[in-house]
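Peer 1: Next up, model-v1.cif (mmCIF, C-alpha atoms and all ligand atoms).
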data_data
loop_
_atom_site.label_atom_id
_atom_site.label_comp_id
_atom_site.auth_asym_id
_atom_site.auth_seq_id
_atom_site.Cartn_x
_atom_site.Cartn_y
_atom_site.Cartn_z
CA MET A 130 -3.48 4.16 17.54
CA ALA A 131 -4.57 2.95 20.99
CA LEU A 132 -7.27 5.62 21.15
CA THR A 133 -8.70 4.76 17.74
CA GLU A 134 -9.06 1.10 18.80
CA ALA A 135 -11.62 2.07 21.48
CA GLY A 136 -15.16 1.13 20.38
CA PRO A 137 -16.79 4.52 21.12
CA VAL A 138 -14.09 6.35 19.15
CA GLU A 139 -14.62 4.02 16.19
CA ARG A 140 -18.40 4.52 16.35
CA THR A 141 -18.00 8.32 16.53
CA ILE A 142 -15.67 8.41 13.54
CA THR A 143 -17.51 5.92 11.32
CA GLY A 144 -21.00 7.12 12.26
CA THR A 145 -20.69 10.87 11.74
CA GLY A 146 -20.57 13.16 8.71
CA PRO A 147 -17.17 14.67 9.66
CA GLY A 148 -15.70 11.16 10.09
CA LYS A 149 -16.90 10.11 6.64
CA SER A 150 -15.68 13.36 5.19
CA LEU A 151 -12.24 12.81 6.75
CA ALA A 152 -12.14 9.32 5.22
CA GLY A 153 -13.15 10.86 1.87
CA ARG A 154 -9.79 12.59 1.72
CA PHE A 155 -7.97 9.24 1.65
CA VAL A 156 -10.54 6.85 0.09
CA ALA A 157 -12.10 7.01 -3.39
CA GLY A 158 -15.56 5.90 -2.22
CA ASP A 159 -17.52 2.90 -0.99
CA THR A 160 -17.98 1.14 -4.35
CA LEU A 161 -15.90 -0.34 -7.16
CA ASP A 162 -17.58 2.12 -9.56
CA GLU A 163 -16.22 5.01 -7.48
CA GLY A 164 -12.77 3.37 -7.36
CA VAL A 165 -12.78 2.88 -11.15
CA ALA A 166 -13.92 6.47 -11.78
CA ALA A 167 -11.11 7.82 -9.57
CA ALA A 168 -8.60 5.51 -11.30
CA ARG A 169 -9.68 6.82 -14.69
CA ARG A 170 -9.24 10.44 -13.55
CA LEU A 171 -5.78 9.64 -12.17
CA ASN A 172 -4.78 7.89 -15.43
CA GLU A 173 -5.94 10.98 -17.35
CA HIS A 174 -3.49 13.03 -15.26
CA GLY A 175 -0.61 10.67 -16.06
CA PHE A 176 -0.64 8.50 -12.91
CA LEU A 177 -0.50 4.73 -12.67
CA VAL A 178 -2.89 3.27 -10.10
CA SER A 179 -3.02 0.44 -7.61
CA LEU A 180 -6.61 -0.36 -6.63
CA ASP A 181 -7.02 -1.47 -3.03
CA LEU A 182 -10.30 -3.00 -1.86
CA LEU A 183 -10.35 -2.07 1.84
CA GLY A 184 -10.63 -4.93 4.30
CA GLU A 185 -8.28 -6.97 6.48
CA GLU A 186 -8.17 -9.56 9.25
CA CYS A 187 -11.14 -11.55 7.98
CA HIS A 188 -12.00 -14.65 10.01
CA ASP A 189 -14.36 -16.62 7.81
CA ARG A 190 -14.17 -18.35 4.47
CA ALA A 191 -17.14 -16.61 2.86
CA THR A 192 -15.70 -13.13 3.50
CA ALA A 193 -12.30 -14.15 2.10
CA ILE A 194 -13.86 -15.62 -1.04
CA GLY A 195 -16.08 -12.53 -1.35
CA ALA A 196 -12.96 -10.30 -1.29
CA ARG A 197 -11.35 -12.43 -4.02
CA ASP A 198 -14.52 -12.16 -6.12
CA GLU A 199 -14.63 -8.36 -5.73
CA TYR A 200 -11.00 -8.15 -6.78
CA VAL A 201 -11.71 -10.31 -9.84
CA GLU A 202 -14.49 -7.87 -10.77
CA GLY A 203 -11.94 -5.05 -10.37
CA LEU A 204 -9.47 -6.85 -12.65
CA VAL A 205 -12.18 -7.34 -15.29
CA ARG A 206 -12.91 -3.58 -15.16
CA ILE A 207 -9.18 -2.74 -15.38
CA HIS A 208 -8.98 -4.83 -18.54
CA SER A 209 -12.26 -3.87 -20.18
CA GLU A 210 -11.79 -0.14 -19.51
CA SER A 211 -8.06 -0.20 -20.41
CA LEU A 212 -7.03 1.30 -17.08
CA ASP A 213 -3.32 1.59 -16.33
CA ALA A 214 -3.75 -0.10 -12.97
CA ASN A 215 -2.92 -3.13 -10.89
CA ILE A 216 -4.32 -4.33 -7.56
CA SER A 217 -2.95 -4.26 -4.01
CA ILE A 218 -4.17 -6.93 -1.62
CA LYS A 219 -3.75 -7.93 2.00
CA LEU A 220 -3.31 -11.63 2.72
CA THR A 221 -5.42 -11.46 5.90
CA GLN A 222 -8.24 -10.29 3.64
CA LEU A 223 -7.86 -13.62 1.81
CA GLY A 224 -7.94 -15.70 5.00
CA LEU A 225 -4.29 -15.85 6.13
CA ALA A 226 -5.26 -15.28 9.78
CA PHE A 227 -7.16 -18.59 9.96
CA ASP A 228 -6.36 -20.75 6.91
CA GLU A 229 -3.07 -20.36 5.06
CA SER A 230 -3.97 -22.81 2.31
CA LEU A 231 -7.16 -20.84 1.54
CA ALA A 232 -5.07 -17.65 1.31
CA ILE A 233 -2.66 -19.39 -1.12
CA ASP A 234 -5.53 -20.61 -3.33
CA LEU A 235 -7.17 -17.19 -3.45
CA LEU A 236 -3.85 -15.44 -4.12
CA GLU A 237 -3.09 -17.84 -6.98
CA SER A 238 -6.54 -17.24 -8.39
CA LEU A 239 -5.93 -13.46 -8.31
CA ALA A 240 -2.52 -13.85 -9.95
CA HIS A 241 -4.22 -15.87 -12.72
CA HIS A 242 -6.98 -13.29 -13.28
CA ALA A 243 -4.43 -10.46 -13.15
CA ALA A 244 -2.42 -12.19 -15.91
CA GLU A 245 -5.60 -12.41 -18.00
CA ALA A 246 -6.05 -8.67 -17.46
CA SER A 247 -2.35 -8.13 -18.37
CA THR A 248 -1.56 -6.68 -15.00
CA THR A 249 0.04 -7.47 -11.64
CA VAL A 250 -0.80 -8.04 -7.98
CA THR A 251 1.04 -6.33 -5.14
CA ILE A 252 0.90 -7.89 -1.69
CA ASP A 253 0.74 -5.27 1.07
CA MET A 254 2.79 -6.00 4.17
CA GLU A 255 0.76 -6.13 7.38
CA ASP A 256 1.90 -6.28 10.98
CA SER A 257 4.82 -8.48 12.02
CA ARG A 258 2.63 -11.46 13.03
CA TYR A 259 2.19 -12.05 9.31
CA THR A 260 5.56 -11.09 7.84
CA GLU A 261 7.09 -14.56 7.48
CA ALA A 262 3.91 -16.10 6.04
CA THR A 263 3.50 -13.17 3.64
CA VAL A 264 7.08 -13.53 2.36
CA ARG A 265 6.61 -17.30 2.01
CA LEU A 266 3.33 -17.02 0.07
CA TYR A 267 4.87 -14.37 -2.18
CA GLU A 268 7.87 -16.63 -2.93
CA LYS A 269 5.59 -19.53 -3.81
CA THR A 270 3.16 -17.58 -5.99
CA GLN A 271 5.71 -15.33 -7.69
CA SER A 272 7.84 -18.31 -8.70
CA THR A 273 4.89 -19.95 -10.48
CA HIS A 274 3.01 -16.90 -11.83
CA GLY A 275 5.70 -14.21 -12.18
CA ASN A 276 3.32 -11.23 -12.08
CA LEU A 277 3.45 -10.28 -8.42
CA GLY A 278 5.17 -7.81 -6.16
CA ILE A 279 5.45 -7.37 -2.41
CA ALA A 280 5.76 -4.51 0.07
CA LEU A 281 8.71 -4.54 2.46
CA GLN A 282 8.88 -2.29 5.52
CA ALA A 283 12.19 -0.51 6.08
CA TYR A 284 11.63 -0.40 9.86
CA LEU A 285 11.72 -4.19 10.39
CA HIS A 286 15.06 -5.64 11.54
CA ARG A 287 14.52 -8.58 9.18
CA THR A 288 14.01 -6.53 6.00
CA PRO A 289 17.66 -6.44 4.79
CA SER A 290 17.65 -10.25 4.70
CA ASP A 291 14.17 -10.36 3.11
CA LEU A 292 15.46 -8.07 0.37
CA LYS A 293 18.31 -10.48 -0.38
CA ARG A 294 15.88 -13.41 -0.27
CA LEU A 295 13.33 -11.86 -2.62
CA MET A 296 15.30 -9.83 -5.15
CA PRO A 297 16.28 -12.89 -7.23
CA LEU A 298 12.55 -13.56 -7.84
CA GLY A 299 12.13 -10.43 -9.97
CA GLY A 300 8.69 -8.86 -9.76
CA HIS A 301 8.32 -5.52 -8.04
CA ILE A 302 9.29 -4.64 -4.50
CA ARG A 303 7.52 -1.75 -2.81
CA LEU A 304 9.75 -0.23 -0.17
CA CYS A 305 7.84 1.69 2.53
CA LYS A 306 8.73 2.85 6.04
CA GLY A 307 6.11 0.68 7.81
CA ALA A 308 2.76 1.74 9.24
CA TYR A 309 2.10 -0.54 12.23
CA VAL A 310 3.07 -0.18 15.88
CA GLU A 311 5.86 -2.73 16.48
CA ALA A 312 8.03 -3.62 19.48
CA ALA A 313 11.71 -2.64 19.59
CA ASP A 314 12.89 -6.24 19.19
CA VAL A 315 11.05 -6.41 15.86
CA ALA A 316 11.44 -2.94 14.39
CA LEU A 317 13.36 0.30 14.61
CA THR A 318 11.42 2.76 16.69
CA SER A 319 13.15 6.08 16.03
CA GLY A 320 12.14 8.03 12.94
CA ARG A 321 15.75 8.89 12.12
CA ASP A 322 16.82 5.22 12.26
CA VAL A 323 13.92 4.25 10.00
CA ASP A 324 14.91 6.93 7.47
CA GLU A 325 18.52 5.67 7.47
CA ALA A 326 17.41 2.06 7.02
CA PHE A 327 15.11 3.13 4.17
CA ALA A 328 18.00 4.94 2.44
CA THR A 329 20.29 1.89 2.73
CA GLN A 330 17.63 -0.52 1.43
CA LEU A 331 16.70 1.93 -1.32
CA ARG A 332 20.31 1.95 -2.57
CA GLU A 333 20.24 -1.85 -2.74
CA LEU A 334 16.89 -1.95 -4.51
CA MET A 335 17.77 0.73 -7.05
CA GLY A 336 20.99 -1.17 -7.80
CA SER A 337 19.07 -4.36 -8.65
CA GLU A 338 18.56 -5.33 -12.26
CA GLU A 339 16.05 -8.12 -11.54
CA VAL A 340 13.48 -6.10 -9.64
CA ARG A 341 11.29 -3.12 -10.48
CA PRO A 342 11.70 -0.88 -7.41
CA ALA A 343 8.52 0.83 -6.19
CA VAL A 344 9.56 3.62 -3.85
CA ALA A 345 6.59 4.24 -1.56
CA THR A 346 7.18 7.42 0.37
CA HIS A 347 6.10 11.05 0.59
CA ASP A 348 9.35 11.98 2.34
CA LEU A 349 11.06 14.66 0.22
CA ALA A 350 14.59 13.67 1.27
CA LEU A 351 13.96 10.06 0.17
CA VAL A 352 12.25 11.17 -3.04
CA ASP A 353 15.33 13.29 -3.84
CA LEU A 354 17.66 10.39 -3.02
CA THR A 355 15.65 8.14 -5.36
CA ARG A 356 15.95 10.68 -8.17
CA GLU A 357 19.70 10.87 -7.60
CA LEU A 358 20.05 7.05 -7.63
CA ALA A 359 17.88 6.87 -10.76
CA ARG A 360 20.58 8.70 -12.74
CA SER A 361 22.80 5.64 -12.66
CA ARG A 362 19.98 3.09 -13.01
CA ASN A 363 19.24 1.40 -16.33
CA GLY A 364 15.96 -0.40 -15.55
CA PRO A 365 12.50 0.98 -14.79
CA PHE A 366 11.32 2.08 -11.33
CA GLU A 367 8.34 3.93 -9.96
CA PHE A 368 7.29 6.12 -7.10
CA GLN A 369 4.20 5.09 -5.17
CA MET A 370 2.14 7.47 -3.06
CA LEU A 371 -1.15 7.33 -1.23
CA TYR A 372 -4.33 8.84 -2.65
CA GLY A 373 -4.87 12.28 -1.12
CA ILE A 374 -1.39 12.74 0.38
CA ARG A 375 1.11 15.33 -0.95
CA THR A 376 -0.78 15.69 -4.22
CA THR A 377 1.34 18.67 -5.35
CA LEU A 378 4.48 16.53 -5.08
CA GLN A 379 2.71 13.73 -6.97
CA HIS A 380 1.97 16.09 -9.86
CA GLU A 381 5.49 17.56 -9.85
CA LEU A 382 7.00 14.10 -10.27
CA VAL A 383 4.65 13.19 -13.12
CA ASP A 384 5.37 16.55 -14.78
CA ALA A 385 9.08 15.68 -14.55
CA GLY A 386 8.36 12.55 -16.59
CA LEU A 387 8.66 10.08 -13.70
CA ALA A 388 6.37 7.08 -13.14
CA VAL A 389 4.09 7.61 -10.13
CA ARG A 390 1.55 5.03 -8.99
CA ILE A 391 -1.24 6.14 -6.70
CA TYR A 392 -2.41 3.64 -4.10
CA LEU A 393 -6.17 4.06 -4.38
CA PRO A 394 -8.33 2.52 -1.65
CA PHE A 395 -12.07 2.02 -2.05
CA GLY A 396 -14.75 0.15 -0.09
CA SER A 397 -16.76 0.54 3.06
CA LYS A 398 -14.24 -1.00 5.49
CA TRP A 399 -12.09 2.12 5.68
CA TYR A 400 -11.68 2.52 9.45
CA PRO A 401 -8.37 0.62 10.03
CA TYR A 402 -6.84 2.30 6.95
CA LEU A 403 -7.91 5.71 8.22
CA THR A 404 -6.48 5.11 11.71
CA ARG A 405 -3.06 4.38 10.19
CA ARG A 406 -3.21 7.64 8.24
CA LEU A 407 -4.15 9.51 11.43
CA ALA A 408 -1.33 7.90 13.40
CA GLU A 409 1.20 8.93 10.75
CA ARG A 410 0.08 12.53 11.01
CA PRO A 411 -2.06 13.28 14.04
CA SER A 412 -2.79 16.78 12.72
CA ASN A 413 -5.17 15.05 10.27
CA ALA A 414 -7.40 14.36 13.26
CA TRP A 415 -7.79 18.07 14.10
CA PHE A 416 -9.96 18.55 11.05
CA PHE A 417 -12.30 15.89 12.46
CA VAL A 418 -12.20 17.16 16.07
CA ARG A 419 -12.94 20.74 14.94
CA SER A 420 -15.85 19.60 12.75
CA VAL A 421 -17.42 17.49 15.52
CA PHE A 422 -16.98 19.95 18.35
CA GLY A 423 -17.54 23.06 16.28
CA GLY A 424 -14.27 24.76 17.35
C1 LIG A 501 1.96 3.47 -1.94
C2 LIG A 501 2.15 3.13 -0.50
C3 LIG A 501 1.92 1.84 -0.08
C4 LIG A 501 2.14 1.49 1.25
N1 LIG A 501 1.99 0.19 1.62
C5 LIG A 501 2.29 -0.15 2.91
C6 LIG A 501 2.28 -1.52 3.31
O1 LIG A 501 2.04 -2.43 2.52
N2 LIG A 501 2.57 -1.79 4.61
C7 LIG A 501 2.89 -0.80 5.52
O2 LIG A 501 3.17 -1.11 6.69
N3 LIG A 501 2.88 0.50 5.14
C8 LIG A 501 2.60 0.84 3.88
N4 LIG A 501 2.63 2.17 3.52
C9 LIG A 501 2.70 3.23 4.57
C10 LIG A 501 4.13 3.58 4.91
O3 LIG A 501 4.71 2.49 5.59
C11 LIG A 501 4.18 4.84 5.80
O4 LIG A 501 3.49 4.60 6.99
C12 LIG A 501 3.60 6.08 5.16
O5 LIG A 501 3.86 6.12 3.78
C13 LIG A 501 4.21 7.36 5.77
O6 LIG A 501 5.59 7.37 5.57
P1 LIG A 501 6.35 8.32 4.54
O7 LIG A 501 7.38 7.50 3.86
O8 LIG A 501 5.43 9.03 3.65
O9 LIG A 501 7.19 9.31 5.47
P2 LIG A 501 6.76 10.27 6.63
O10 LIG A 501 8.05 10.76 7.20
O11 LIG A 501 5.79 9.64 7.55
O12 LIG A 501 6.02 11.44 5.89
C14 LIG A 501 6.68 12.34 5.01
C15 LIG A 501 5.70 13.46 4.71
O13 LIG A 501 4.59 12.95 3.97
C16 LIG A 501 3.38 13.54 4.40
N5 LIG A 501 2.53 12.48 5.01
C17 LIG A 501 2.91 11.22 5.31
N6 LIG A 501 1.86 10.53 5.81
C18 LIG A 501 0.83 11.38 5.84
C19 LIG A 501 -0.53 11.27 6.24
N7 LIG A 501 -1.02 10.13 6.72
N8 LIG A 501 -1.33 12.35 6.13
C20 LIG A 501 -0.85 13.52 5.64
N9 LIG A 501 0.42 13.69 5.23
C21 LIG A 501 1.24 12.64 5.32
C22 LIG A 501 3.76 14.59 5.41
O14 LIG A 501 3.93 15.81 4.71
C23 LIG A 501 5.07 14.09 5.96
O15 LIG A 501 5.88 15.11 6.48
C24 LIG A 501 2.51 2.51 2.18
C25 LIG A 501 2.75 3.80 1.75
C26 LIG A 501 2.61 4.12 0.43
C27 LIG A 501 2.95 5.51 -0.02
#
Just dump the structure as structure tokens.
Ligand SMILES: Cc1cc2nc3c(=O)[nH]c(=O)nc-3n(C[C@H](O)[C@H](O)[C@H](O)COP(=O)(O)OP(=O)(O)OC[C@H]3O[C@@H](n4cnc5c(N)ncnc54)[C@H](O)[C@@H]3O)c2cc1C
Peer 2:
Amino acid sequence: MALTEAGPVERTITGTGPGKSLAGRFVAGDTLDEGVAAARRLNEHGFLVSLDLLGEECHDRATAIGARDEYVEGLVRIHSESLDANISIKLTQLGLAFDESLAIDLLESLAHHAAEASTTVTIDMEDSRYTEATVRLYEKTQSTHGNLGIALQAYLHRTPSDLKRLMPLGGHIRLCKGAYVEAADVALTSGRDVDEAFATQLRELMGSEEVRPAVATHDLALVDLTRELARSRNGPFEFQMLYGIRTTLQHELVDAGLAVRIYLPFGSKWYPYLTRRLAERPSNAWFFVRSVFGG
């Protein structure tokens, strides 16, 4: 992660064919049209979709409003083209880093447009500087609009209490391991501890009648545990996986009649998203290194 934050590394990855081709594995394309086309193909193969317009940490009003407008366009397309899709958003894309009240207004506007398109909004969870504000804005907007969901990260020490705080609000809760580098006083740092925390929180979530659990992992052991817990669950639940990752597993789950939603990013601001995918699995970077250096 530290390496990818260096300017020259970013310029090499974003400015070269191999870098763009690496991003193409995880991102549908630069435009909404490309995102919609990929969503349609995924729907045809039995997948639900969550459209994610790439972008985060914006620091001016015009960019935040622009992101809201692009999402509204996406919601109009979801409705008019009868896509089985919702949207995933980041609150720092809507201005949370510099103006919380702007982020609330834009989030409420998206919840309203999503309701008109008969769909939902999922709030991604970003790094721990934003966790409390994200939970607070979700509470406020979900209690008035009722068509939202939120991602919670199993690795954060605070997540068990956030689960208790948010489950009574209904909606959907996306449980994921957590993708950001966090300090030990904020998050678990060993992979095994994170897996155990995920399993414990998953049991709680799958036991809830109010919430629609969205189990966001490609980890086979946790997928199997979910399937086992699903046997004694009455309500709906879904798996969520990232576009381009473990596609064979994605198809196997759909073929078994399970609901699988693909998180489908599109847009030109793909670099931070790509760096998180590289950090999760550094072997992804070898493809890029080999292409650039001809090895
Ligand atoms: C739908 C969805 C939404 C998410 N939303 C958020 C969010 O809002 N906030 C947040 O912090 N994190 C989010 N994440 C990321 C998540 O926190 C993890 O970083 C990521 O999913 C990897 O963890 P894993 O559960 O797949 O398990 P891992 O143990 O990391 O991976 C299990 C297996 O999956 C495959 N795999 C996993 N990642 C990759 C990769 N990048 N490239 C290739 N193969 C891979 C490998 O085969 C690996 O062995 C989301 C993940 C998903 C699936």
Peer 1: Under the rule that all atoms listed in the file are counted, which of A:Gly148, A:Gly307, A:Gly373, A:Gly158 is the nearest residue to ligand LIG 501 (chain A)?
Peer 2: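 Smallest distance to ligand LIG 501 (chain A) is found for A:Gly307.
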Peer 1: For ligand LIG 501 (chain A), which residue among A:Leu354, A:Leu223, A:Ala359, A:Met254 is the nearest when counting all atoms listed in the file?
Peer 2: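 Checking each candidate against ligand LIG 501 (chain A), we get A:Met254 as the closest.
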Peer 1: Output the neighbourhood of ligand LIG 501 (chain A) as a PyMOL selection string, that is, all protein and nucleic acid residues with some atom at most 9 Å from the ligand, counting only C-alpha atoms and all ligand atoms.
Peer 2: chain A and resi 155+179+217-219+251-256+279-284+303-309+320+324+327+343-351+368-375+390-393+403-413
Peer 1: For Gln271 in chain A, please output as an NGL selection string all residues within 10 Å (counting all atoms listed in the file; exclusion window: fewer than 2 positions along the same chain).
Peer 2: :A and (237 or 240 or 250 or 265-269 or 273-279 or 295 or 298-300)
Peer 1: Set the distance at 12 Å and use all atoms listed in the file: which residues neighbour Ile142 in chain A once local chain neighbours fewer than 4 positions away are removed? I'd like the list as number ranges by chain.
Peer 2: A: 132-138, 146-152, 399-401, 403-404, 407, 414, 416-418, 420-421
Peer 1: Suppose we keep C-alpha atoms; can you now write the selection as a PDB file, keeping the file's coordinate frame?
Peer 2:
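selection.pdb written:
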ATOM      1  CA  LEU A 132      -7.270   5.620  21.150  1.00  0.00           C
ATOM      2  CA  THR A 133      -8.700   4.760  17.740  1.00  0.00           C
ATOM      3  CA  GLU A 134      -9.060   1.100  18.800  1.00  0.00           C
ATOM      4  CA  ALA A 135     -11.620   2.070  21.480  1.00  0.00           C
ATOM      5  CA  GLY A 136     -15.160   1.130  20.380  1.00  0.00           C
ATOM      6  CA  PRO A 137     -16.790   4.520  21.120  1.00  0.00           C
ATOM      7  CA  VAL A 138     -14.090   6.350  19.150  1.00  0.00           C
ATOM      8  CA  GLY A 146     -20.570  13.160   8.710  1.00  0.00           C
ATOM      9  CA  PRO A 147     -17.170  14.670   9.660  1.00  0.00           C
ATOM     10  CA  GLY A 148     -15.700  11.160  10.090  1.00  0.00           C
ATOM     11  CA  LYS A 149     -16.900  10.110   6.640  1.00  0.00           C
ATOM     12  CA  SER A 150     -15.680  13.360   5.190  1.00  0.00           C
ATOM     13  CA  LEU A 151     -12.240  12.810   6.750  1.00  0.00           C
ATOM     14  CA  ALA A 152     -12.140   9.320   5.220  1.00  0.00           C
ATOM     15  CA  TRP A 399     -12.090   2.120   5.680  1.00  0.00           C
ATOM     16  CA  TYR A 400     -11.680   2.520   9.450  1.00  0.00           C
ATOM     17  CA  PRO A 401      -8.370   0.620  10.030  1.00  0.00           C
ATOM     18  CA  LEU A 403      -7.910   5.710   8.220  1.00  0.00           C
ATOM     19  CA  THR A 404      -6.480   5.110  11.710  1.00  0.00           C
ATOM     20  CA  LEU A 407      -4.150   9.510  11.430  1.00  0.00           C
ATOM     21  CA  ALA A 414      -7.400  14.360  13.260  1.00  0.00           C
ATOM     22  CA  PHE A 416      -9.960  18.550  11.050  1.00  0.00           C
ATOM     23  CA  PHE A 417     -12.300  15.890  12.460  1.00  0.00           C
ATOM     24  CA  VAL A 418     -12.200  17.160  16.070  1.00  0.00           C
ATOM     25  CA  SER A 420     -15.850  19.600  12.750  1.00  0.00           C
ATOM     26  CA  VAL A 421     -17.420  17.490  15.520  1.00  0.00           C
TER      27      VAL A 421
END
Peer 1: Can you work out which one of A:Ala328, A:Leu183, A:Met335, A:Leu387 has the shortest atom-to-atom distance to Arg362 in chain A, counting all atoms listed in the file?
Peer 2: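 The closest residue to Arg362 in chain A is A:Met335.
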Peer 1: What separation in Å, quoted to one decimal, exists between CA of Arg190 in chain A and CA of Ala214 in chain A?
Peer 2: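 Between CA of Arg190 in chain A and CA of Ala214 in chain A the gap works out to 27.3 Å.
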Peer 1: Can you report as JSON the centre and edge lengths in Å, to one decimal, of an axis-aligned box around the listed atoms of range 224-235 of chain A padded with 6 Å on each side?
Peer 2:
{"center_x": -5.3, "center_y": -19.0, "center_z": 3.3, "size_x": 17.3, "size_y": 19.5, "size_z": 25.4}
Peer 1: What does the distance between CA of Ser290 in chain A and CA of Gln330 in chain A come to in Å, to one decimal place?
Peer 2: 10.3 Å
Peer 1: Just want the 10 Å neighbourhood of Glu333 in chain A, counted on all atoms listed in the file, with same-chain residues fewer than 6 positions away dropped. Output as a PDB file with C-alpha atoms, keeping the file's coordinate frame.
Peer 2:
ATOM      1  CA  PRO A 289      17.660  -6.440   4.790  1.00  0.00           C
ATOM      2  CA  LEU A 292      15.460  -8.070   0.370  1.00  0.00           C
ATOM      3  CA  LYS A 293      18.310 -10.480  -0.380  1.00  0.00           C
ATOM      4  CA  MET A 296      15.300  -9.830  -5.150  1.00  0.00           C
ATOM      5  CA  PHE A 327      15.110   3.130   4.170  1.00  0.00           C
ATOM      6  CA  PRO A 342      11.700  -0.880  -7.410  1.00  0.00           C
TER       7      PRO A 342
END
Peer 1: Leu235 in chain A: which residues within 10 Å, counting only C-alpha atoms, same-chain residues fewer than 5 positions away excluded, as JSON, numbers by chain?
Peer 2: {"A": [193, 194, 196, 197, 198, 220, 222, 223, 224, 229, 230, 240, 241]}
Peer 1: Using Å and a single decimal, report how far CA of Val340 in chain A sits from CA of Glu185 in chain A.
Peer 2: 27.1 Å
Peer 1: So, with only C-alpha atoms as the atoms that count, which of A:Ile233, A:Thr376, A:Lys398, A:Met130 lies closest to Leu171 in chain A?
Peer 2: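 Smallest distance to Leu171 in chain A is found for A:Thr376.
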Peer 1: Within 6 Å of (-3.0, -4.5, -13.5) in the file's own coordinates, which protein, DNA or RNA residues have an atom, counting all atoms listed in the file? List them as number ranges by chain.
Peer 2: A: 214-215, 248-249
